[in-house]
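Participant: Here you go, this is work.pdb (PDB, C-alpha atoms).
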ATOM      1  CA  MET K   1     128.832 -44.744  65.729
ATOM      2  CA  LYS K   2     132.232 -43.737  67.114
ATOM      3  CA  ILE K   3     134.969 -45.824  68.675
ATOM      4  CA  GLY K   4     137.246 -43.338  70.369
ATOM      5  CA  GLU K   5     137.772 -40.725  67.676
ATOM      6  CA  VAL K   6     137.148 -43.181  64.832
ATOM      7  CA  LYS K   7     133.805 -42.572  63.165
ATOM      8  CA  LEU K   8     132.083 -45.481  61.396
ATOM      9  CA  GLU K   9     129.796 -44.819  58.432
ATOM     10  CA  ASN K  10     127.408 -47.522  59.666
ATOM     11  CA  PRO K  11     127.216 -50.008  62.561
ATOM     12  CA  TYR K  12     127.732 -53.202  60.530
ATOM     13  CA  ILE K  13     131.119 -54.743  61.228
ATOM     14  CA  LEU K  14     133.003 -57.631  59.642
ATOM     15  CA  ALA K  15     134.146 -59.908  62.488
ATOM     16  CA  PRO K  16     137.781 -60.994  62.760
ATOM     17  CA  MET K  17     138.017 -64.601  61.506
ATOM     18  CA  ALA K  18     141.283 -66.522  61.245
ATOM     19  CA  GLY K  19     141.873 -67.721  57.701
ATOM     20  CA  VAL K  20     138.940 -65.693  56.376
ATOM     21  CA  THR K  21     139.202 -61.932  56.917
ATOM     22  CA  ASP K  22     142.396 -61.408  54.983
ATOM     23  CA  LEU K  23     142.941 -58.337  52.811
ATOM     24  CA  PRO K  24     141.227 -59.661  49.623
ATOM     25  CA  PHE K  25     138.039 -60.646  51.457
ATOM     26  CA  ARG K  26     137.976 -57.426  53.467
ATOM     27  CA  LEU K  27     138.144 -55.374  50.264
ATOM     28  CA  LEU K  28     135.108 -57.214  48.883
ATOM     29  CA  CYS K  29     133.152 -56.593  52.111
ATOM     30  CA  LYS K  30     134.131 -52.922  52.099
ATOM     31  CA  GLU K  31     132.792 -52.532  48.565
ATOM     32  CA  GLN K  32     129.466 -53.895  49.802
ATOM     33  CA  GLY K  33     129.319 -51.285  52.566
ATOM     34  CA  ALA K  34     130.852 -52.769  55.757
ATOM     35  CA  GLY K  35     131.242 -49.995  58.344
ATOM     36  CA  LEU K  36     134.375 -51.500  59.942
ATOM     37  CA  LEU K  37     136.649 -54.329  58.848
ATOM     38  CA  CYS K  38     138.413 -56.519  61.406
ATOM     39  CA  MET K  39     141.633 -58.253  60.437
ATOM     40  CA  GLU K  40     142.600 -61.831  61.281
ATOM     41  CA  MET K  41     143.990 -62.149  64.787
ATOM     42  CA  ILE K  42     147.759 -61.873  65.057
ATOM     43  CA  SER K  43     149.945 -63.277  67.813
ATOM     44  CA  ALA K  44     151.744 -60.554  69.775
ATOM     45  CA  LYS K  45     154.523 -63.054  70.509
ATOM     46  CA  ALA K  46     154.909 -63.926  66.822
ATOM     47  CA  LEU K  47     155.375 -60.217  66.078
ATOM     48  CA  GLN K  48     157.886 -59.943  68.917
ATOM     49  CA  TYR K  49     159.912 -62.765  67.376
ATOM     50  CA  LYS K  50     159.450 -61.260  63.894
ATOM     51  CA  ASN K  51     157.740 -64.390  62.559
ATOM     52  CA  LYS K  52     157.792 -64.063  58.753
ATOM     53  CA  ASN K  53     154.298 -65.590  58.398
ATOM     54  CA  THR K  54     152.740 -62.589  60.132
ATOM     55  CA  LYS K  55     153.859 -60.188  57.405
ATOM     56  CA  THR K  56     150.918 -61.072  55.119
ATOM     57  CA  LEU K  57     148.511 -60.764  58.044
ATOM     58  CA  LEU K  58     149.612 -57.148  58.557
ATOM     59  CA  ALA K  59     148.829 -56.064  54.976
ATOM     60  CA  ILE K  60     146.334 -53.166  54.874
ATOM     61  CA  HIS K  61     144.961 -51.352  51.821
ATOM     62  CA  PRO K  62     144.012 -47.635  51.985
ATOM     63  CA  GLU K  63     140.635 -48.406  50.381
ATOM     64  CA  GLU K  64     139.515 -50.512  53.344
ATOM     65  CA  TYR K  65     139.675 -47.893  56.106
ATOM     66  CA  PRO K  66     138.568 -47.979  58.870
ATOM     67  CA  VAL K  67     140.306 -51.187  59.885
ATOM     68  CA  SER K  68     140.657 -52.888  63.261
ATOM     69  CA  LEU K  69     143.849 -54.878  63.831
ATOM     70  CA  GLN K  70     143.455 -57.675  66.379
ATOM     71  CA  LEU K  71     146.219 -58.979  68.633
ATOM     72  CA  PHE K  72     146.074 -62.011  70.877
ATOM     73  CA  GLY K  73     148.298 -62.961  73.789
ATOM     74  CA  SER K  74     148.276 -63.097  77.575
ATOM     75  CA  GLU K  75     151.329 -61.079  78.618
ATOM     76  CA  PRO K  76     150.508 -57.397  79.254
ATOM     77  CA  ASP K  77     154.060 -56.163  78.633
ATOM     78  CA  ILE K  78     154.410 -57.987  75.320
ATOM     79  CA  ILE K  79     150.974 -56.923  74.026
ATOM     80  CA  SER K  80     151.486 -53.271  74.987
ATOM     81  CA  GLU K  81     155.041 -53.174  73.566
ATOM     82  CA  ILE K  82     153.934 -54.739  70.286
ATOM     83  CA  ALA K  83     150.941 -52.381  70.099
ATOM     84  CA  LYS K  84     153.351 -49.454  70.399
ATOM     85  CA  MET K  85     155.704 -50.967  67.815
ATOM     86  CA  ILE K  86     152.988 -51.474  65.193
ATOM     87  CA  GLU K  87     151.031 -48.271  65.893
ATOM     88  CA  PRO K  88     152.556 -46.509  62.827
ATOM     89  CA  LEU K  89     150.824 -49.076  60.576
ATOM     90  CA  PRO K  90     147.677 -47.719  58.887
ATOM     91  CA  PHE K  91     145.033 -49.413  61.059
ATOM     92  CA  GLN K  92     142.607 -47.218  62.987
ATOM     93  CA  ILE K  93     141.602 -49.413  65.964
ATOM     94  CA  LEU K  94     143.506 -52.012  67.997
ATOM     95  CA  ASP K  95     141.436 -54.943  69.259
ATOM     96  CA  ILE K  96     142.512 -57.502  71.850
ATOM     97  CA  ASN K  97     141.129 -61.000  71.416
ATOM     98  CA  MET K  98     139.563 -62.427  74.564
ATOM     99  CA  GLY K  99     137.072 -64.703  72.836
ATOM    100  CA  CYS K 100     138.910 -67.228  70.645
ATOM    101  CA  PRO K 101     137.777 -70.760  71.670
ATOM    102  CA  VAL K 102     140.481 -72.780  69.837
ATOM    103  CA  PRO K 103     142.106 -75.323  72.243
ATOM    104  CA  LYS K 104     145.690 -74.399  71.293
ATOM    105  CA  ILE K 105     145.014 -70.718  72.092
ATOM    106  CA  VAL K 106     143.057 -71.446  75.297
ATOM    107  CA  LYS K 107     145.723 -73.877  76.535
ATOM    108  CA  ASN K 108     148.234 -71.015  76.382
ATOM    109  CA  GLY K 109     145.977 -68.892  78.581
ATOM    110  CA  GLU K 110     145.055 -66.677  75.611
ATOM    111  CA  GLY K 111     141.778 -65.901  73.824
ATOM    112  CA  SER K 112     138.702 -66.832  75.854
ATOM    113  CA  ALA K 113     140.880 -68.215  78.701
ATOM    114  CA  LEU K 114     141.480 -64.577  79.684
ATOM    115  CA  MET K 115     137.839 -64.308  80.746
ATOM    116  CA  LEU K 116     138.732 -66.491  83.731
ATOM    117  CA  ARG K 117     141.218 -63.824  84.893
ATOM    118  CA  PRO K 118     139.604 -60.376  85.220
ATOM    119  CA  GLU K 119     142.682 -58.896  86.904
ATOM    120  CA  LEU K 120     144.829 -59.900  83.925
ATOM    121  CA  VAL K 121     142.230 -58.431  81.533
ATOM    122  CA  TYR K 122     142.553 -55.125  83.386
ATOM    123  CA  GLU K 123     146.343 -55.167  83.207
ATOM    124  CA  ILE K 124     146.452 -56.022  79.478
ATOM    125  CA  VAL K 125     143.913 -53.363  78.469
ATOM    126  CA  SER K 126     145.296 -50.715  80.812
ATOM    127  CA  LYS K 127     148.925 -51.093  79.682
ATOM    128  CA  THR K 128     147.964 -51.229  76.010
ATOM    129  CA  ALA K 129     145.609 -48.231  76.186
ATOM    130  CA  LYS K 130     148.380 -46.202  77.847
ATOM    131  CA  ALA K 131     151.001 -47.335  75.326
ATOM    132  CA  ILE K 132     149.213 -46.110  72.176
ATOM    133  CA  LYS K 133     147.040 -43.215  71.033
ATOM    134  CA  LYS K 134     144.736 -45.321  68.852
ATOM    135  CA  PRO K 135     141.563 -46.651  70.517
ATOM    136  CA  VAL K 136     141.803 -50.072  72.144
ATOM    137  CA  THR K 137     138.805 -52.430  72.070
ATOM    138  CA  VAL K 138     138.191 -55.989  73.287
ATOM    139  CA  LYS K 139     136.261 -58.938  71.893
ATOM    140  CA  ILE K 140     134.804 -61.276  74.486
ATOM    141  CA  ARG K 141     132.275 -64.088  74.851
ATOM    142  CA  LYS K 142     129.306 -64.645  77.135
ATOM    143  CA  GLY K 143     131.733 -66.423  79.463
ATOM    144  CA  PHE K 144     134.113 -69.360  79.552
ATOM    145  CA  ASP K 145     131.449 -71.953  80.358
ATOM    146  CA  ASP K 146     128.066 -72.138  82.049
ATOM    147  CA  ALA K 147     129.722 -71.907  85.458
ATOM    148  CA  HIS K 148     131.572 -68.717  84.485
ATOM    149  CA  ILE K 149     129.153 -66.386  82.691
ATOM    150  CA  ASN K 150     130.896 -63.085  83.352
ATOM    151  CA  ALA K 151     130.705 -60.971  80.202
ATOM    152  CA  VAL K 152     129.249 -58.081  82.211
ATOM    153  CA  GLU K 153     132.113 -58.158  84.713
ATOM    154  CA  ILE K 154     134.784 -58.397  82.004
ATOM    155  CA  ALA K 155     133.205 -55.565  79.985
ATOM    156  CA  LYS K 156     133.171 -53.313  83.065
ATOM    157  CA  VAL K 157     136.804 -54.199  83.809
ATOM    158  CA  ALA K 158     137.780 -53.438  80.198
ATOM    159  CA  GLU K 159     135.967 -50.084  80.268
ATOM    160  CA  GLU K 160     137.620 -49.125  83.538
ATOM    161  CA  ALA K 161     141.012 -50.064  82.080
ATOM    162  CA  GLY K 162     140.531 -47.757  79.087
ATOM    163  CA  ALA K 163     138.817 -49.829  76.368
ATOM    164  CA  LYS K 164     136.798 -47.684  73.937
ATOM    165  CA  ALA K 165     134.368 -50.434  72.874
ATOM    166  CA  VAL K 166     133.569 -54.069  73.575
ATOM    167  CA  ALA K 167     132.266 -56.750  71.198
ATOM    168  CA  VAL K 168     130.258 -59.559  72.819
ATOM    169  CA  HIS K 169     129.669 -62.967  71.231
ATOM    170  CA  GLY K 170     126.579 -64.467  72.849
ATOM    171  CA  ARG K 171     128.069 -67.940  73.348
ATOM    172  CA  THR K 172     130.434 -69.382  75.949
ATOM    173  CA  ARG K 173     133.823 -70.771  75.003
ATOM    174  CA  GLU K 174     132.458 -74.244  75.807
ATOM    175  CA  GLN K 175     129.745 -73.786  73.150
ATOM    176  CA  TYR K 176     132.213 -72.785  70.416
ATOM    177  CA  TYR K 177     129.734 -71.934  67.623
ATOM    178  CA  SER K 178     127.029 -74.469  68.478
ATOM    179  CA  GLY K 179     123.570 -73.833  69.865
ATOM    180  CA  LYS K 180     121.887 -70.463  69.841
ATOM    181  CA  ALA K 181     123.625 -67.183  70.667
ATOM    182  CA  ASP K 182     122.304 -65.538  73.834
ATOM    183  CA  TRP K 183     121.434 -61.972  72.876
ATOM    184  CA  ASP K 184     120.277 -61.163  76.399
ATOM    185  CA  ILE K 185     123.888 -61.172  77.619
ATOM    186  CA  ILE K 186     124.598 -58.456  75.027
ATOM    187  CA  ARG K 187     121.696 -56.450  76.461
ATOM    188  CA  GLN K 188     123.103 -56.896  79.972
ATOM    189  CA  VAL K 189     126.548 -55.676  78.901
ATOM    190  CA  LYS K 190     125.024 -52.687  77.127
ATOM    191  CA  ALA K 191     123.151 -51.756  80.306
ATOM    192  CA  ALA K 192     126.328 -52.064  82.398
ATOM    193  CA  VAL K 193     128.846 -49.938  80.446
ATOM    194  CA  SER K 194     128.886 -46.554  78.745
ATOM    195  CA  ILE K 195     131.292 -47.424  75.912
ATOM    196  CA  PRO K 196     129.880 -48.746  72.596
ATOM    197  CA  VAL K 197     128.801 -52.394  72.687
ATOM    198  CA  ILE K 198     128.924 -54.511  69.537
ATOM    199  CA  GLY K 199     126.659 -57.573  69.393
ATOM    200  CA  ASN K 200     127.865 -60.768  67.746
ATOM    201  CA  GLY K 201     126.181 -64.113  67.088
ATOM    202  CA  ASP K 202     123.518 -65.519  64.739
ATOM    203  CA  VAL K 203     123.046 -62.479  62.498
ATOM    204  CA  THR K 204     122.763 -63.563  58.863
ATOM    205  CA  THR K 205     119.965 -61.287  57.600
ATOM    206  CA  GLY K 206     118.847 -57.686  57.768
ATOM    207  CA  GLU K 207     115.857 -58.639  59.900
ATOM    208  CA  GLN K 208     118.106 -60.336  62.465
ATOM    209  CA  ALA K 209     120.454 -57.338  62.607
ATOM    210  CA  ILE K 210     117.605 -54.923  63.298
ATOM    211  CA  ARG K 211     116.101 -57.317  65.847
ATOM    212  CA  MET K 212     119.438 -57.653  67.664
ATOM    213  CA  ARG K 213     119.740 -53.875  67.892
ATOM    214  CA  GLU K 214     116.151 -53.510  69.126
ATOM    215  CA  GLU K 215     116.365 -56.351  71.660
ATOM    216  CA  THR K 216     119.798 -55.532  73.074
ATOM    217  CA  GLY K 217     120.274 -51.800  72.466
ATOM    218  CA  CYS K 218     123.726 -52.614  71.070
ATOM    219  CA  ASP K 219     125.519 -49.894  69.114
ATOM    220  CA  GLY K 220     126.933 -52.125  66.403
ATOM    221  CA  VAL K 221     126.386 -55.568  64.899
ATOM    222  CA  MET K 222     129.315 -57.838  64.084
ATOM    223  CA  ILE K 223     128.902 -60.339  61.248
ATOM    224  CA  GLY K 224     131.084 -63.452  61.241
ATOM    225  CA  ARG K 225     130.004 -66.699  59.599
ATOM    226  CA  GLY K 226     127.096 -64.894  57.898
ATOM    227  CA  ALA K 227     129.671 -63.115  55.715
ATOM    228  CA  GLN K 228     131.556 -66.239  54.635
ATOM    229  CA  GLY K 229     131.051 -66.543  50.891
ATOM    230  CA  ASN K 230     128.588 -63.682  51.234
ATOM    231  CA  PRO K 231     130.167 -60.202  51.177
ATOM    232  CA  TRP K 232     126.770 -58.967  49.919
ATOM    233  CA  ILE K 233     125.344 -59.288  53.420
ATOM    234  CA  PHE K 234     126.527 -55.743  54.225
ATOM    235  CA  ARG K 235     124.656 -54.274  51.254
ATOM    236  CA  GLU K 236     121.576 -56.210  52.346
ATOM    237  CA  LEU K 237     121.833 -55.005  55.956
ATOM    238  CA  LEU K 238     122.071 -51.377  54.851
ATOM    239  CA  GLU K 239     119.219 -51.734  52.359
ATOM    240  CA  TYR K 240     116.978 -53.435  54.894
ATOM    241  CA  GLU K 241     117.671 -50.758  57.496
ATOM    242  CA  LYS K 242     116.875 -48.048  54.955
ATOM    243  CA  THR K 243     113.785 -49.501  53.265
ATOM    244  CA  GLY K 244     112.585 -52.455  55.343
ATOM    245  CA  LYS K 245     113.071 -54.641  52.264
ATOM    246  CA  LEU K 246     115.853 -57.000  51.294
ATOM    247  CA  PRO K 247     117.442 -56.468  47.867
ATOM    248  CA  GLU K 248     117.556 -59.361  45.442
ATOM    249  CA  ARG K 249     120.282 -61.888  46.025
ATOM    250  CA  PRO K 250     123.160 -61.733  43.518
ATOM    251  CA  SER K 251     122.670 -63.820  40.390
ATOM    252  CA  PRO K 252     124.786 -66.955  39.817
ATOM    253  CA  GLU K 253     126.788 -64.945  37.253
ATOM    254  CA  VAL K 254     127.584 -62.234  39.820
ATOM    255  CA  VAL K 255     128.589 -64.892  42.364
ATOM    256  CA  ARG K 256     130.846 -66.532  39.763
ATOM    257  CA  GLU K 257     132.552 -63.279  38.757
ATOM    258  CA  THR K 258     133.015 -62.319  42.419
ATOM    259  CA  MET K 259     134.679 -65.670  43.122
ATOM    260  CA  LEU K 260     137.042 -65.157  40.195
ATOM    261  CA  ARG K 261     137.871 -61.626  41.293
ATOM    262  CA  HIS K 262     138.417 -62.896  44.829
ATOM    263  CA  ALA K 263     140.787 -65.523  43.428
ATOM    264  CA  ARG K 264     142.751 -62.898  41.465
ATOM    265  CA  LEU K 265     143.111 -60.776  44.614
ATOM    266  CA  GLN K 266     144.241 -63.809  46.625
ATOM    267  CA  MET K 267     146.890 -64.606  44.046
ATOM    268  CA  GLU K 268     148.017 -60.990  43.822
ATOM    269  CA  TYR K 269     148.570 -60.728  47.586
ATOM    270  CA  LYS K 270     149.628 -64.288  48.439
ATOM    271  CA  GLY K 271     151.111 -65.703  45.257
ATOM    272  CA  ASP K 272     149.611 -68.229  42.851
ATOM    273  CA  PHE K 273     150.276 -71.382  44.882
ATOM    274  CA  ILE K 274     148.793 -70.240  48.216
ATOM    275  CA  GLY K 275     146.162 -67.984  46.660
ATOM    276  CA  ILE K 276     144.456 -70.653  44.564
ATOM    277  CA  ARG K 277     144.482 -73.179  47.422
ATOM    278  CA  GLU K 278     143.019 -70.706  49.906
ATOM    279  CA  MET K 279     140.201 -70.034  47.446
ATOM    280  CA  ARG K 280     138.962 -73.613  47.780
ATOM    281  CA  LYS K 281     137.197 -73.002  51.106
ATOM    282  CA  HIS K 282     135.821 -69.664  49.875
ATOM    283  CA  VAL K 283     134.339 -71.319  46.769
ATOM    284  CA  ALA K 284     132.677 -73.905  49.051
ATOM    285  CA  TRP K 285     131.047 -71.044  51.006
ATOM    286  CA  TYR K 286     130.079 -69.026  47.922
ATOM    287  CA  THR K 287     128.376 -72.010  46.293
ATOM    288  CA  LYS K 288     126.685 -73.489  49.377
ATOM    289  CA  GLY K 289     123.091 -74.329  48.521
ATOM    290  CA  MET K 290     123.627 -74.083  44.762
ATOM    291  CA  LYS K 291     122.579 -76.999  42.584
ATOM    292  CA  GLY K 292     125.425 -79.509  42.320
ATOM    293  CA  SER K 293     127.527 -77.646  44.890
ATOM    294  CA  SER K 294     128.851 -80.755  46.682
ATOM    295  CA  LYS K 295     130.210 -82.179  43.414
ATOM    296  CA  LEU K 296     131.649 -78.762  42.525
ATOM    297  CA  ARG K 297     133.443 -78.625  45.888
ATOM    298  CA  ASP K 298     135.118 -81.960  45.190
ATOM    299  CA  GLU K 299     136.344 -80.726  41.815
ATOM    300  CA  ILE K 300     137.462 -77.353  43.214
ATOM    301  CA  ASN K 301     139.717 -79.151  45.700
ATOM    302  CA  ARG K 302     141.708 -80.486  42.758
ATOM    303  CA  THR K 303     142.225 -77.155  40.981
ATOM    304  CA  GLU K 304     145.851 -76.045  40.783
ATOM    305  CA  SER K 305     145.625 -72.841  38.732
ATOM    306  CA  TYR K 306     143.436 -69.813  38.049
ATOM    307  CA  GLU K 307     142.735 -71.092  34.540
ATOM    308  CA  GLU K 308     141.409 -74.394  35.908
ATOM    309  CA  LEU K 309     139.249 -72.555  38.449
ATOM    310  CA  GLU K 310     137.862 -70.208  35.803
ATOM    311  CA  ALA K 311     137.046 -73.034  33.381
ATOM    312  CA  LEU K 312     135.345 -75.044  36.108
ATOM    313  CA  LEU K 313     133.232 -72.133  37.377
ATOM    314  CA  TYR K 314     132.148 -71.181  33.847
ATOM    315  CA  GLU K 315     131.211 -74.799  33.164
ATOM    316  CA  LYS K 316     129.233 -75.285  36.387
ATOM    317  CA  ILE K 317     127.711 -71.852  37.099
ATOM    318  CA  LYS K 318     125.548 -70.347  34.363
TER     319      LYS K 318
END
Would you encode the structure as structure tokens?
Facilitator:
Amino acid sequence: MKIGEVKLENPYILAPMAGVTDLPFRLLCKEQGAGLLCMEMISAKALQYKNKNTKTLLAIHPEEYPVSLQLFGSEPDIISEIAKMIEPLPFQILDINMGCPVPKIVKNGEGSALMLRPELVYEIVSKTAKAIKKPVTVKIRKGFDDAHINAVEIAKVAEEAGAKAVAVHGRTREQYYSGKADWDIIRQVKAAVSIPVIGNGDVTTGEQAIRMREETGCDGVMIGRGAQGNPWIFRELLEYEKTGKLPERPSPEVVRETMLRHARLQMEYKGDFIGIREMRKHVAWYTKGMKGSSKLRDEINRTESYEELEALLYEKIK
């Protein structure tokens, strides 16, 4: 699979997720075989105003290539200028977020609100694609709500404006992440454009990934919530595609050691205070479904240091 001139080793892509797909987590997913890693979305305006909090979001490690950096905003001039300013950074693909459902983002006319304005979508993609040499992609949803299901129209507009790929989440903004993802809309988009189409929504197993590709014809599969606390999903997808069988799930010991390594990476890149606190939600995802996991989550939320986390995980996970 190619996006512009960027060749992916496989079609399984880590979705951009705010507060999740930071550098430490991306490295773990890359080790498990992810074909493309998408960074957390970054505000073009925040970069324009040199917001210090965005510095960590821009961190990229050479071992994670290829990487897609995602911007969000609604002003074509700002997005294209910022894209040009950051182009020297070592990302390979620039993605524009047109799917985020969060009220604060939508209220500003950004994220999935852009799907209500096809002419603005064209202007943003066109100006950005002309401003940089790296391929520009867009991430969209099925539509804004049931009265505005226009993923096909938006995908065609994006392609015409110069986008090199489009990722489609099979839910409307109104649905957020509830209900079932509509894979047929992904099929419709694939039939309507000639650029690569990446399907997104309700893929948590190898069987589902293969079924999405067969049912929709999509070129790539984007994994979001299915990867939370589960970087091994990429290894499983590749193994299932190759052999038709799922490999064994990691043992509790492997899960424990991965959590601790994840914590060390978080602390290395974000400092001890932030790193250990950000691990709390990851531990909740890693241990979901394990015996005694709800009690463990309560105790994890009180941990203040790596040593406390390590002692707790060794005590509870054997």
Participant: Go through K:Gly217, K:Gly19, K:Gly244, K:Gly224 one by one, measure the shortest atom-to-atom distance of each to Val203 (chain K) using all atoms listed in the file, and give the residue with the smallest value.
Facilitator: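 Once distances to Val203 (chain K) are computed over all atoms listed in the file, the minimum belongs to K:Gly224.
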Participant: Counting all atoms listed in the file, write as number ranges by chain all protein and nucleic acid residues lying at most 12 Å from (140.1, -47.4, 81.6) in the file's frame.
Facilitator: K: 121-130, 135-137, 155-165, 193-195
Participant: If you count all atoms listed in the file, which residues fall within 7 Å of Cys38 (chain K), apart from same-chain ones fewer than 2 positions away, as a ChimeraX atom specification?
Facilitator: /K:14-16,36,40,67-69
Participant: Out of K:Lys139, K:Lys288, K:Arg26, K:Arg171, which residue has the shortest atom-to-atom distance to Leu265 (chain K) when counting all atoms listed in the file?
Facilitator: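 Distance minimum relative to Leu265 (chain K) lands on K:Arg26.
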Participant: Have a look at K:Leu246, K:Ile79, K:Leu27, K:Ile233 and name the one nearest to Lys45 (chain K); count only C-alpha atoms.
Facilitator: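 Smallest separation from Lys45 (chain K) among the options: K:Ile79.
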Participant: Applying 9 Å and all atoms listed in the file, which residues near region 81-87 of chain K remain after dropping the ones on its own chain fewer than 5 positions away? List them as a ChimeraX atom specification.
Facilitator: /K:44-45,47-48,71,76,92,94,127-128,131-134
Participant: What do you get, as JSON, numbers by chain, if you spell out every residue that the PyMOL selection byres ((chain K and resi 237) around 9) selects here?
Facilitator: {"K": [12, 205, 206, 207, 209, 210, 232, 233, 234, 235, 236, 238, 239, 240, 241, 242, 246]}
Participant: Export C-alpha atoms of the chosen residues as a CSV table (one decimal), in the coordinates of the input?
Facilitator:
chain,number,residue,atom,x,y,z
K,12,TYR,CA,127.7,-53.2,60.5
K,205,THR,CA,120.0,-61.3,57.6
K,206,GLY,CA,118.8,-57.7,57.8
K,207,GLU,CA,115.9,-58.6,59.9
K,209,ALA,CA,120.5,-57.3,62.6
K,210,ILE,CA,117.6,-54.9,63.3
K,232,TRP,CA,126.8,-59.0,49.9
K,233,ILE,CA,125.3,-59.3,53.4
K,234,PHE,CA,126.5,-55.7,54.2
K,235,ARG,CA,124.7,-54.3,51.3
K,236,GLU,CA,121.6,-56.2,52.3
K,238,LEU,CA,122.1,-51.4,54.9
K,239,GLU,CA,119.2,-51.7,52.4
K,240,TYR,CA,117.0,-53.4,54.9
K,241,GLU,CA,117.7,-50.8,57.5
K,242,LYS,CA,116.9,-48.0,55.0
K,246,LEU,CA,115.9,-57.0,51.3
Participant: Which distance in Å separates CA of Pro101 (chain K) and CA of Glu75 (chain K), to one decimal?
Facilitator: 18.0 Å
Participant: Can you spell out as number ranges by chain the set of residues that the PyMOL selection byres ((chain K and resi 266-271) around 10) selects in the structure I just provided?
Facilitator: K: 22-25, 56, 59, 260-265, 272-279, 305-306
Participant: Can you work out which one of K:Glu153, K:Glu299, K:Glu310, K:Glu110 has the shortest atom-to-atom distance to Ile42 (chain K), counting all atoms listed in the file?
Facilitator: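 Smallest distance to Ile42 (chain K) is found for K:Glu110.
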Participant: Which polymer residues have any atom within 12 Å of an atom of Asn200 (chain K), counting only C-alpha atoms, with same-chain residues fewer than 2 positions away left out, as a PyMOL selection string?
Facilitator: chain K and resi 11-16+99+139-142+166-171+177+180-187+197-198+202-204+208-209+212-213+216+218-226
